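Chemist: Quick one: the structure is below, questions incoming.
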Amino acid sequence: MKLTKEQIQELFLFTQKKWVHYYDLQIEIVDHLAEKIELLLVENPSLDFKQALQKVYQGFGIFGFANIVREKEQQSVRYGKKLFRRELIALFKLPQILFILFLSVFVWQMTQWIPLEILYPVFLAAWAMVSIWQMYVNIKNNKRQKKKLLMMYFQPQSFIPFLWVEYMFLANELPDTSVFYFIVMLVVIFKIASQKVYTNIRTQAIREYPDAFA
Amino acid sequence: MATNSSLYKGSLATIILKLLNENVKMYGYEMTQKVKLITEGQLNLTEGALYPALHKLEADGLITSSMENIGNRMRKYYSITRTGKKEMKERLLELQSFFQQMQNLLSIKIA
């Protein structure tokens, strides 16, 4: 006995009420519930849909879906970290390493040619502009996203080292040239890797769950 | 007599990998039913244990997933990756060795 589209929608609402707010996880749980309910209704025709749903839900134990959501959140973070490490390593392989080397030489030369009193605020301004632009893109993307996805739970931006911010707010003196060079390279490399992870996860999400996007 | 769940908890990932190795692709509920069938109802693979294990294996790259429209809803299918197959073989060997050790341990007769 196949469930109707309305009953499937009811199952989606049920999962939401039970604190499953992520669409990708809802799909999996709804399919599981639906399959079990369909069989239960065949085996026991005296049951109605709601009774069957309650019976099936009991099978998830006293914590309901909570354990599944928590575990999946942890796995999404683990997966994101794994992708991040992979992207970082990829930056040190051909052909990306050529760009990193070019960037490295370029930043070093800048530190040699331009006094840090000028270079430091220029880099700060550039950094602020990139961050604002990224924030704007993220807000725009989030608006296009109709449903929350657990696969996008990982926020690679949190991987950006705070050394830069610390220098910006705490340092009374200008950093040493080599320290400045090191921070700039570290921040840029982390930023590139985290942006690539975000783009990859988002592309995968759009491909797998087109319904979640406007 | 149903099998004590704590006895198979540590082997859940191996069970999933083995199931997926023998079937091209499977979905969560299908796995619970397959395990029930193979063990003649002795082993009950609970949803609360199955899905976290599946998600962990997926994050580790041992299994992969794909979505399929089955008419009135979407379904998530899992399949084993090449790394997963390698991992499964290693885990099966470990399990066999463990069984052997347990057999040796439990068959000890005190004089």
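Going by the structure tokens order, chains are called A, B, ..., each with residues numbered from 1, while ligands are numbered from 1 in the order shown.
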If you run DSSP over the backbone, which residues in range 2-206 of chain A end up helix (DSSP H, G or I)? Put them as a ChimeraX atom specification.
Modeler: /A:5-17,23-43,49-58,66-90,96-113,116-144,150-152,156-159,163-170,177-206
Chemist: Hey, which bits of chain A sit within 9 Å of chain B, and for each residue what's the closest pair of atoms and how far apart in Å (one decimal), counting only C-alpha atoms, rows by chain and increasing number, as a tab-separated table?
Modeler:
residue	atom	partner	partner_atom	distance
A:Lys2	CA	B:Asn72	CA	8.1
A:Leu3	CA	B:Asn72	CA	7.5
A:Thr4	CA	B:Asn72	CA	7.0
A:Lys5	CA	B:Asn72	CA	5.8
A:Ile8	CA	B:Arg73	CA	7.2
A:Ile27	CA	B:Met74	CA	6.4
A:Glu28	CA	B:Lys76	CA	6.1
A:Val30	CA	B:Arg73	CA	8.3
A:Asp31	CA	B:Arg75	CA	6.1
A:His32	CA	B:Tyr29	CA	5.7
A:Leu33	CA	B:Tyr29	CA	8.8
A:Ala34	CA	B:Arg73	CA	8.9
A:Glu35	CA	B:Tyr29	CA	7.4
A:Lys36	CA	B:Tyr29	CA	7.8
A:Gly59	CA	B:Glu47	CA	7.4
A:Phe60	CA	B:Gly48	CA	5.7
A:Gly61	CA	B:Gly48	CA	7.2
A:Phe63	CA	B:Gly48	CA	8.6
A:Gly64	CA	B:Gly48	CA	7.9
A:Phe65	CA	B:Gly48	CA	7.4
A:Ala66	CA	B:Gly48	CA	8.9
A:Asn67	CA	B:Gly48	CA	6.7
A:Ile68	CA	B:Pro52	CA	5.5
A:Val69	CA	B:Pro52	CA	8.4
A:Arg70	CA	B:Pro52	CA	8.7
A:Glu71	CA	B:Pro52	CA	5.6
A:Lys72	CA	B:His55	CA	6.1
A:Gln74	CA	B:Lys56	CA	8.7
A:Gln75	CA	B:Lys56	CA	5.8
A:Ser76	CA	B:Ala59	CA	7.0
A:Val77	CA	B:Ala59	CA	9.0
A:Arg78	CA	B:Ala59	CA	6.7
A:Tyr79	CA	B:Ala59	CA	4.9
A:Gly80	CA	B:Ala59	CA	8.7
A:Lys82	CA	B:Ala59	CA	8.4
A:Glu208	CA	B:Met67	CA	6.7
A:Tyr209	CA	B:Met67	CA	8.4
Chemist: I need the chosen residues saved as an mmCIF file, in the first residue's frame, with N, CA and C atoms.
Modeler:
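Writing done, so here's selection22.cif:
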data_model
loop_
_atom_site.group_PDB
_atom_site.id
_atom_site.type_symbol
_atom_site.label_atom_id
_atom_site.label_comp_id
_atom_site.auth_asym_id
_atom_site.auth_seq_id
_atom_site.Cartn_x
_atom_site.Cartn_y
_atom_site.Cartn_z
ATOM 1 N N LYS A 2 0.762 2.073 -1.046
ATOM 2 C CA LYS A 2 1.601 3.277 -1.158
ATOM 3 C C LYS A 2 0.969 4.440 -0.406
ATOM 4 N N LEU A 3 1.788 5.201 0.284
ATOM 5 C CA LEU A 3 1.277 6.391 0.967
ATOM 6 C C LEU A 3 1.020 7.493 -0.066
ATOM 7 N N THR A 4 0.060 8.370 0.246
ATOM 8 C CA THR A 4 -0.251 9.466 -0.676
ATOM 9 C C THR A 4 0.772 10.593 -0.496
ATOM 10 N N LYS A 5 0.786 11.533 -1.430
ATOM 11 C CA LYS A 5 1.705 12.668 -1.330
ATOM 12 C C LYS A 5 1.404 13.490 -0.087
ATOM 13 N N ILE A 8 2.919 11.798 2.855
ATOM 14 C CA ILE A 8 4.377 12.015 2.850
ATOM 15 C C ILE A 8 4.685 13.412 3.397
ATOM 16 N N ILE A 27 14.585 13.744 4.427
ATOM 17 C CA ILE A 27 14.302 12.853 3.291
ATOM 18 C C ILE A 27 14.560 11.393 3.682
ATOM 19 N N GLU A 28 15.697 11.165 4.326
ATOM 20 C CA GLU A 28 16.082 9.802 4.690
ATOM 21 C C GLU A 28 15.141 9.229 5.759
ATOM 22 N N VAL A 30 12.055 10.291 6.475
ATOM 23 C CA VAL A 30 10.695 10.168 5.928
ATOM 24 C C VAL A 30 10.580 8.882 5.104
ATOM 25 N N ASP A 31 11.588 8.583 4.308
ATOM 26 C CA ASP A 31 11.552 7.359 3.499
ATOM 27 C C ASP A 31 11.488 6.131 4.400
ATOM 28 N N HIS A 32 12.283 6.156 5.475
ATOM 29 C CA HIS A 32 12.301 5.029 6.408
ATOM 30 C C HIS A 32 10.928 4.860 7.070
ATOM 31 N N LEU A 33 10.382 5.980 7.556
ATOM 32 C CA LEU A 33 9.066 5.933 8.213
ATOM 33 C C LEU A 33 8.009 5.429 7.222
ATOM 34 N N ALA A 34 8.034 5.990 6.004
ATOM 35 C CA ALA A 34 7.017 5.656 4.997
ATOM 36 C C ALA A 34 7.053 4.169 4.653
ATOM 37 N N GLU A 35 8.260 3.657 4.448
ATOM 38 C CA GLU A 35 8.403 2.240 4.084
ATOM 39 C C GLU A 35 7.844 1.333 5.181
ATOM 40 N N LYS A 36 8.157 1.696 6.427
ATOM 41 C CA LYS A 36 7.713 0.878 7.554
ATOM 42 C C LYS A 36 6.190 0.989 7.738
ATOM 43 N N GLY A 59 9.857 2.792 17.435
ATOM 44 C CA GLY A 59 11.017 1.966 17.080
ATOM 45 C C GLY A 59 12.319 2.744 17.130
ATOM 46 N N PHE A 60 12.244 4.073 17.120
ATOM 47 C CA PHE A 60 13.459 4.905 17.163
ATOM 48 C C PHE A 60 13.965 5.109 18.593
ATOM 49 N N GLY A 61 13.253 4.497 19.565
ATOM 50 C CA GLY A 61 13.714 4.570 20.948
ATOM 51 C C GLY A 61 13.304 5.847 21.656
ATOM 52 N N PHE A 63 14.888 8.471 22.616
ATOM 53 C CA PHE A 63 15.462 9.738 22.153
ATOM 54 C C PHE A 63 14.957 10.142 20.764
ATOM 55 N N GLY A 64 14.130 9.298 20.180
ATOM 56 C CA GLY A 64 13.575 9.618 18.858
ATOM 57 C C GLY A 64 14.661 9.804 17.816
ATOM 58 N N PHE A 65 14.606 10.957 17.131
ATOM 59 C CA PHE A 65 15.580 11.215 16.060
ATOM 60 C C PHE A 65 16.812 11.982 16.569
ATOM 61 N N ALA A 66 16.795 12.351 17.866
ATOM 62 C CA ALA A 66 17.841 13.237 18.410
ATOM 63 C C ALA A 66 19.253 12.707 18.177
ATOM 64 N N ASN A 67 19.446 11.401 18.435
ATOM 65 C CA ASN A 67 20.789 10.815 18.258
ATOM 66 C C ASN A 67 21.243 10.876 16.807
ATOM 67 N N ILE A 68 20.310 10.627 15.910
ATOM 68 C CA ILE A 68 20.653 10.615 14.479
ATOM 69 C C ILE A 68 21.086 12.021 14.050
ATOM 70 N N VAL A 69 20.347 13.049 14.506
ATOM 71 C CA VAL A 69 20.681 14.434 14.145
ATOM 72 C C VAL A 69 22.047 14.805 14.717
ATOM 73 N N ARG A 70 22.264 14.505 15.992
ATOM 74 C CA ARG A 70 23.526 14.883 16.643
ATOM 75 C C ARG A 70 24.723 14.218 15.966
ATOM 76 N N GLU A 71 24.562 12.918 15.719
ATOM 77 C CA GLU A 71 25.658 12.177 15.072
ATOM 78 C C GLU A 71 25.942 12.714 13.675
ATOM 79 N N LYS A 72 24.862 13.033 12.951
ATOM 80 C CA LYS A 72 25.036 13.512 11.574
ATOM 81 C C LYS A 72 25.717 14.894 11.567
ATOM 82 N N GLN A 74 27.887 15.915 13.744
ATOM 83 C CA GLN A 74 29.312 15.647 14.004
ATOM 84 C C GLN A 74 30.008 15.125 12.751
ATOM 85 N N GLN A 75 29.297 14.253 12.026
ATOM 86 C CA GLN A 75 29.896 13.675 10.817
ATOM 87 C C GLN A 75 30.064 14.735 9.720
ATOM 88 N N SER A 76 29.114 15.698 9.666
ATOM 89 C CA SER A 76 29.220 16.767 8.663
ATOM 90 C C SER A 76 30.451 17.625 8.934
ATOM 91 N N VAL A 77 30.708 17.895 10.223
ATOM 92 C CA VAL A 77 31.895 18.673 10.592
ATOM 93 C C VAL A 77 33.163 17.883 10.242
ATOM 94 N N ARG A 78 33.144 16.592 10.553
ATOM 95 C CA ARG A 78 34.304 15.735 10.237
ATOM 96 C C ARG A 78 34.566 15.702 8.739
ATOM 97 N N TYR A 79 33.483 15.572 7.978
ATOM 98 C CA TYR A 79 33.593 15.519 6.519
ATOM 99 C C TYR A 79 34.151 16.840 5.981
ATOM 100 N N GLY A 80 33.650 17.954 6.537
ATOM 101 C CA GLY A 80 34.119 19.279 6.128
ATOM 102 C C GLY A 80 35.595 19.461 6.420
ATOM 103 N N LYS A 82 37.775 17.125 6.668
ATOM 104 C CA LYS A 82 38.512 16.232 5.759
ATOM 105 C C LYS A 82 38.686 16.906 4.388
ATOM 106 N N GLU A 208 22.482 17.375 -5.470
ATOM 107 C CA GLU A 208 21.753 16.299 -4.794
ATOM 108 C C GLU A 208 20.369 16.718 -4.297
ATOM 109 N N TYR A 209 20.240 17.983 -3.910
ATOM 110 C CA TYR A 209 18.953 18.438 -3.351
ATOM 111 C C TYR A 209 18.488 19.719 -4.044
#
Chemist: Give me every strand (DSSP E) residue in chain B, going by DSSP on the backbone, as a PyMOL selection string.
Modeler: chain B and resi 63-69+74-80
Chemist: Using the selection just defined, write its residues with N, CA and C atoms as a short mmCIF file (atom, residue, chain, number, x, y, z; two decimals), in the first residue's frame.
Modeler:
data_model
loop_
_atom_site.label_atom_id
_atom_site.label_comp_id
_atom_site.auth_asym_id
_atom_site.auth_seq_id
_atom_site.Cartn_x
_atom_site.Cartn_y
_atom_site.Cartn_z
N ILE B 63 31.72 4.61 2.25
CA ILE B 63 30.52 4.39 1.44
C ILE B 63 30.12 5.73 0.82
N THR B 64 29.32 5.65 -0.24
CA THR B 64 28.87 6.87 -0.89
C THR B 64 27.35 6.79 -1.07
N SER B 65 26.71 7.92 -1.31
CA SER B 65 25.25 7.89 -1.41
C SER B 65 24.76 8.57 -2.67
N SER B 66 23.55 8.20 -3.07
CA SER B 66 22.92 8.86 -4.22
C SER B 66 21.41 8.93 -3.96
N MET B 67 20.77 9.93 -4.53
CA MET B 67 19.33 10.12 -4.31
C MET B 67 18.56 9.59 -5.51
N GLU B 68 17.40 9.01 -5.24
CA GLU B 68 16.55 8.51 -6.33
C GLU B 68 15.10 8.82 -6.03
N ASN B 69 14.39 9.23 -7.07
CA ASN B 69 12.96 9.49 -6.89
C ASN B 69 12.22 8.17 -7.07
N MET B 74 11.59 10.77 -2.17
CA MET B 74 12.99 10.55 -2.55
C MET B 74 13.57 9.46 -1.65
N ARG B 75 14.55 8.75 -2.20
CA ARG B 75 15.20 7.70 -1.40
C ARG B 75 16.71 7.85 -1.51
N LYS B 76 17.38 7.66 -0.37
CA LYS B 76 18.84 7.76 -0.36
C LYS B 76 19.43 6.35 -0.39
N TYR B 77 20.18 6.07 -1.44
CA TYR B 77 20.83 4.77 -1.57
C TYR B 77 22.31 4.88 -1.21
N TYR B 78 22.82 3.83 -0.58
CA TYR B 78 24.24 3.79 -0.23
C TYR B 78 24.93 2.70 -1.05
N SER B 79 26.18 2.95 -1.41
CA SER B 79 26.99 1.90 -2.05
C SER B 79 28.42 2.00 -1.51
N ILE B 80 29.12 0.89 -1.61
CA ILE B 80 30.49 0.83 -1.04
C ILE B 80 31.50 1.43 -2.02
#
Chemist: Name the residues in contact with Pro175 in chain A at a cut-off of 10 Å, using only C-alpha atoms, excluding same-chain residues fewer than 6 positions from it; report them as a list in words.
Modeler: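 In the requested form, the answer reads Leu116, Glu117, Tyr120, Tyr167, Tyr181 and Ile183 of chain A.
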Chemist: For the residues selected in the previous step, produce a file with N, CA and C atoms as a CSV table (one decimal), in the first residue's frame.
Modeler:
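Generated file (out08.csv):
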chain,number,residue,atom,x,y,z
A,116,LEU,N,56.3,48.8,5.7
A,116,LEU,CA,55.1,48.2,6.4
A,116,LEU,C,54.1,49.1,6.8
A,117,GLU,N,54.5,50.4,7.1
A,117,GLU,CA,53.5,51.4,7.6
A,117,GLU,C,52.4,51.6,6.5
A,120,TYR,N,50.8,47.5,5.6
A,120,TYR,CA,50.0,46.9,6.6
A,120,TYR,C,48.5,47.3,6.5
A,167,TYR,N,46.4,40.7,15.5
A,167,TYR,CA,47.3,41.8,15.2
A,167,TYR,C,46.6,43.1,15.0
A,181,TYR,N,54.8,38.6,6.6
A,181,TYR,CA,54.7,37.8,5.4
A,181,TYR,C,54.1,36.4,5.7
A,183,ILE,N,52.0,35.6,8.2
A,183,ILE,CA,50.6,35.8,8.5
A,183,ILE,C,49.8,35.9,7.2
Chemist: Extract, using only C-alpha atoms, all DNA, RNA and protein residues at most 12 Å from Met110 in chain A, discarding same-chain residues fewer than 2 positions from it, and format them as a PDB file with N, CA, C and O atoms, in the first residue's frame.
Modeler:
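Written output follows (result-v8.pdb):
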ATOM      1  N   LEU A 103      52.436  33.808  -5.612  1.00  0.00           N
ATOM      2  CA  LEU A 103      51.875  34.662  -4.559  1.00  0.00           C
ATOM      3  C   LEU A 103      52.916  34.916  -3.465  1.00  0.00           C
ATOM      4  O   LEU A 103      53.081  36.043  -2.976  1.00  0.00           O
ATOM      5  N   SER A 104      53.615  33.840  -3.129  1.00  0.00           N
ATOM      6  CA  SER A 104      54.625  33.924  -2.083  1.00  0.00           C
ATOM      7  C   SER A 104      55.729  34.936  -2.468  1.00  0.00           C
ATOM      8  O   SER A 104      56.098  35.803  -1.659  1.00  0.00           O
ATOM      9  N   VAL A 105      56.202  34.827  -3.703  1.00  0.00           N
ATOM     10  CA  VAL A 105      57.246  35.746  -4.191  1.00  0.00           C
ATOM     11  C   VAL A 105      56.687  37.169  -4.234  1.00  0.00           C
ATOM     12  O   VAL A 105      57.346  38.130  -3.802  1.00  0.00           O
ATOM     13  N   PHE A 106      55.467  37.300  -4.728  1.00  0.00           N
ATOM     14  CA  PHE A 106      54.835  38.614  -4.852  1.00  0.00           C
ATOM     15  C   PHE A 106      54.703  39.296  -3.482  1.00  0.00           C
ATOM     16  O   PHE A 106      55.126  40.456  -3.309  1.00  0.00           O
ATOM     17  N   VAL A 107      54.196  38.557  -2.490  1.00  0.00           N
ATOM     18  CA  VAL A 107      54.011  39.130  -1.140  1.00  0.00           C
ATOM     19  C   VAL A 107      55.363  39.504  -0.544  1.00  0.00           C
ATOM     20  O   VAL A 107      55.530  40.583   0.043  1.00  0.00           O
ATOM     21  N   TRP A 108      56.363  38.613  -0.726  1.00  0.00           N
ATOM     22  CA  TRP A 108      57.694  38.883  -0.173  1.00  0.00           C
ATOM     23  C   TRP A 108      58.310  40.140  -0.802  1.00  0.00           C
ATOM     24  O   TRP A 108      58.860  40.999  -0.102  1.00  0.00           O
ATOM     25  N   GLN A 112      59.431  43.933   0.698  1.00  0.00           N
ATOM     26  CA  GLN A 112      60.758  44.502   0.498  1.00  0.00           C
ATOM     27  C   GLN A 112      60.699  45.909  -0.113  1.00  0.00           C
ATOM     28  O   GLN A 112      61.522  46.769   0.168  1.00  0.00           O
ATOM     29  N   TRP A 113      59.725  46.114  -0.984  1.00  0.00           N
ATOM     30  CA  TRP A 113      59.644  47.381  -1.718  1.00  0.00           C
ATOM     31  C   TRP A 113      58.852  48.461  -0.986  1.00  0.00           C
ATOM     32  O   TRP A 113      59.168  49.636  -1.050  1.00  0.00           O
ATOM     33  N   ILE A 114      57.774  48.010  -0.330  1.00  0.00           N
ATOM     34  CA  ILE A 114      56.872  48.996   0.291  1.00  0.00           C
ATOM     35  C   ILE A 114      57.035  48.958   1.811  1.00  0.00           C
ATOM     36  O   ILE A 114      57.053  47.865   2.399  1.00  0.00           O
ATOM     37  N   PRO A 115      57.162  50.119   2.443  1.00  0.00           N
ATOM     38  CA  PRO A 115      57.293  50.119   3.913  1.00  0.00           C
ATOM     39  C   PRO A 115      56.046  49.525   4.573  1.00  0.00           C
ATOM     40  O   PRO A 115      54.925  49.718   4.078  1.00  0.00           O
ATOM     41  N   LEU A 116      56.266  48.831   5.677  1.00  0.00           N
ATOM     42  CA  LEU A 116      55.142  48.159   6.358  1.00  0.00           C
ATOM     43  C   LEU A 116      54.068  49.147   6.844  1.00  0.00           C
ATOM     44  O   LEU A 116      52.902  48.779   6.947  1.00  0.00           O
ATOM     45  N   ILE A 118      52.791  51.417   5.245  1.00  0.00           N
ATOM     46  CA  ILE A 118      51.802  51.557   4.149  1.00  0.00           C
ATOM     47  C   ILE A 118      51.169  50.198   3.832  1.00  0.00           C
ATOM     48  O   ILE A 118      49.961  50.078   3.702  1.00  0.00           O
ATOM     49  N   LEU A 119      52.037  49.195   3.741  1.00  0.00           N
ATOM     50  CA  LEU A 119      51.581  47.862   3.319  1.00  0.00           C
ATOM     51  C   LEU A 119      50.561  47.257   4.305  1.00  0.00           C
ATOM     52  O   LEU A 119      49.575  46.646   3.893  1.00  0.00           O
ATOM     53  N   TYR A 120      50.830  47.469   5.585  1.00  0.00           N
ATOM     54  CA  TYR A 120      49.978  46.865   6.616  1.00  0.00           C
ATOM     55  C   TYR A 120      48.526  47.348   6.498  1.00  0.00           C
ATOM     56  O   TYR A 120      47.616  46.513   6.387  1.00  0.00           O
ATOM     57  N   VAL A 122      47.091  48.625   3.926  1.00  0.00           N
ATOM     58  CA  VAL A 122      46.577  48.218   2.605  1.00  0.00           C
ATOM     59  C   VAL A 122      46.067  46.776   2.667  1.00  0.00           C
ATOM     60  O   VAL A 122      44.968  46.459   2.201  1.00  0.00           O
ATOM     61  N   PHE A 123      46.869  45.920   3.281  1.00  0.00           N
ATOM     62  CA  PHE A 123      46.457  44.519   3.402  1.00  0.00           C
ATOM     63  C   PHE A 123      45.226  44.377   4.297  1.00  0.00           C
ATOM     64  O   PHE A 123      44.344  43.568   4.022  1.00  0.00           O
ATOM     65  N   THR A 177      58.732  42.129   9.490  1.00  0.00           N
ATOM     66  CA  THR A 177      58.458  41.841   8.065  1.00  0.00           C
ATOM     67  C   THR A 177      58.200  40.351   7.823  1.00  0.00           C
ATOM     68  O   THR A 177      57.240  39.980   7.157  1.00  0.00           O
ATOM     69  N   SER A 178      59.054  39.502   8.389  1.00  0.00           N
ATOM     70  CA  SER A 178      58.885  38.068   8.145  1.00  0.00           C
ATOM     71  C   SER A 178      57.604  37.534   8.803  1.00  0.00           C
ATOM     72  O   SER A 178      56.930  36.661   8.255  1.00  0.00           O
ATOM     73  N   PHE A 180      54.904  39.329   9.312  1.00  0.00           N
ATOM     74  CA  PHE A 180      53.833  39.861   8.464  1.00  0.00           C
ATOM     75  C   PHE A 180      53.647  38.982   7.224  1.00  0.00           C
ATOM     76  O   PHE A 180      52.532  38.587   6.866  1.00  0.00           O
ATOM     77  N   TYR A 181      54.768  38.628   6.584  1.00  0.00           N
ATOM     78  CA  TYR A 181      54.750  37.781   5.382  1.00  0.00           C
ATOM     79  C   TYR A 181      54.109  36.433   5.704  1.00  0.00           C
ATOM     80  O   TYR A 181      53.248  35.938   4.976  1.00  0.00           O
ATOM     81  N   VAL A 184      50.291  36.797   6.301  1.00  0.00           N
ATOM     82  CA  VAL A 184      49.573  37.037   5.042  1.00  0.00           C
ATOM     83  C   VAL A 184      49.442  35.738   4.257  1.00  0.00           C
ATOM     84  O   VAL A 184      48.347  35.372   3.802  1.00  0.00           O
TER      85      VAL A 184
END
Chemist: Give me, please, the distance in Å between CA of Asp48 in chain A and CA of Val20 in chain A, quoted to one decimal.
Modeler: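 Computing the Euclidean distance for CA of Asp48 in chain A and CA of Val20 in chain A yields 23.8 Å.
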Chemist: Just how far from CA of Ile37 in chain A is CA of Leu19 in chain B, in Å to one decimal?
Modeler: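 Between CA of Leu19 in chain B and CA of Ile37 in chain A the gap is 23.8 Å.
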Chemist: Using only C-alpha atoms, find the one residue out of A:Leu53, A:Phe213, A:Glu87, A:Lys17 that sits nearest to Lys147 in chain A.
Modeler: A:Phe213
Chemist: Need the shell around Lys86 in chain B: protein/DNA/RNA residues with any atom at most 9 Å away, counting only C-alpha atoms. Skip same-chain ones fewer than 5 positions apart. Format as a CSV table (one decimal) with N, CA, C and O atoms, in the first residue's frame?
Modeler:
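What follows is the written file result-v8.csv:
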chain,number,residue,atom,x,y,z
B,62,LEU,N,34.0,5.6,3.1
B,62,LEU,CA,34.0,4.2,2.9
B,62,LEU,C,32.7,3.8,2.1
B,62,LEU,O,32.7,2.7,1.5
B,81,THR,N,32.5,2.1,-1.5
B,81,THR,CA,33.6,2.7,-2.3
B,81,THR,C,34.7,1.7,-2.4
B,81,THR,O,34.8,0.7,-1.7
B,91,ARG,N,38.7,-5.5,8.1
B,91,ARG,CA,37.8,-5.6,9.3
B,91,ARG,C,37.4,-7.1,9.5
B,91,ARG,O,37.2,-7.6,10.6
Chemist: To one decimal place, how far is CA of Lys34 in chain B from CA of Leu20 in chain B in Å?
Modeler: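 Taking CA of Lys34 in chain B as the start and CA of Leu20 in chain B as the end point, the length is 10.9 Å.
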Chemist: Skip range 196-199 of chain A itself and residues of its chain fewer than 3 positions away, then list as an MDAnalysis selection string all residues within 9 Å of it, counting only C-alpha atoms.
Modeler: chainID A and resid 80 83:84 87 152 154:157 191:193 202:204
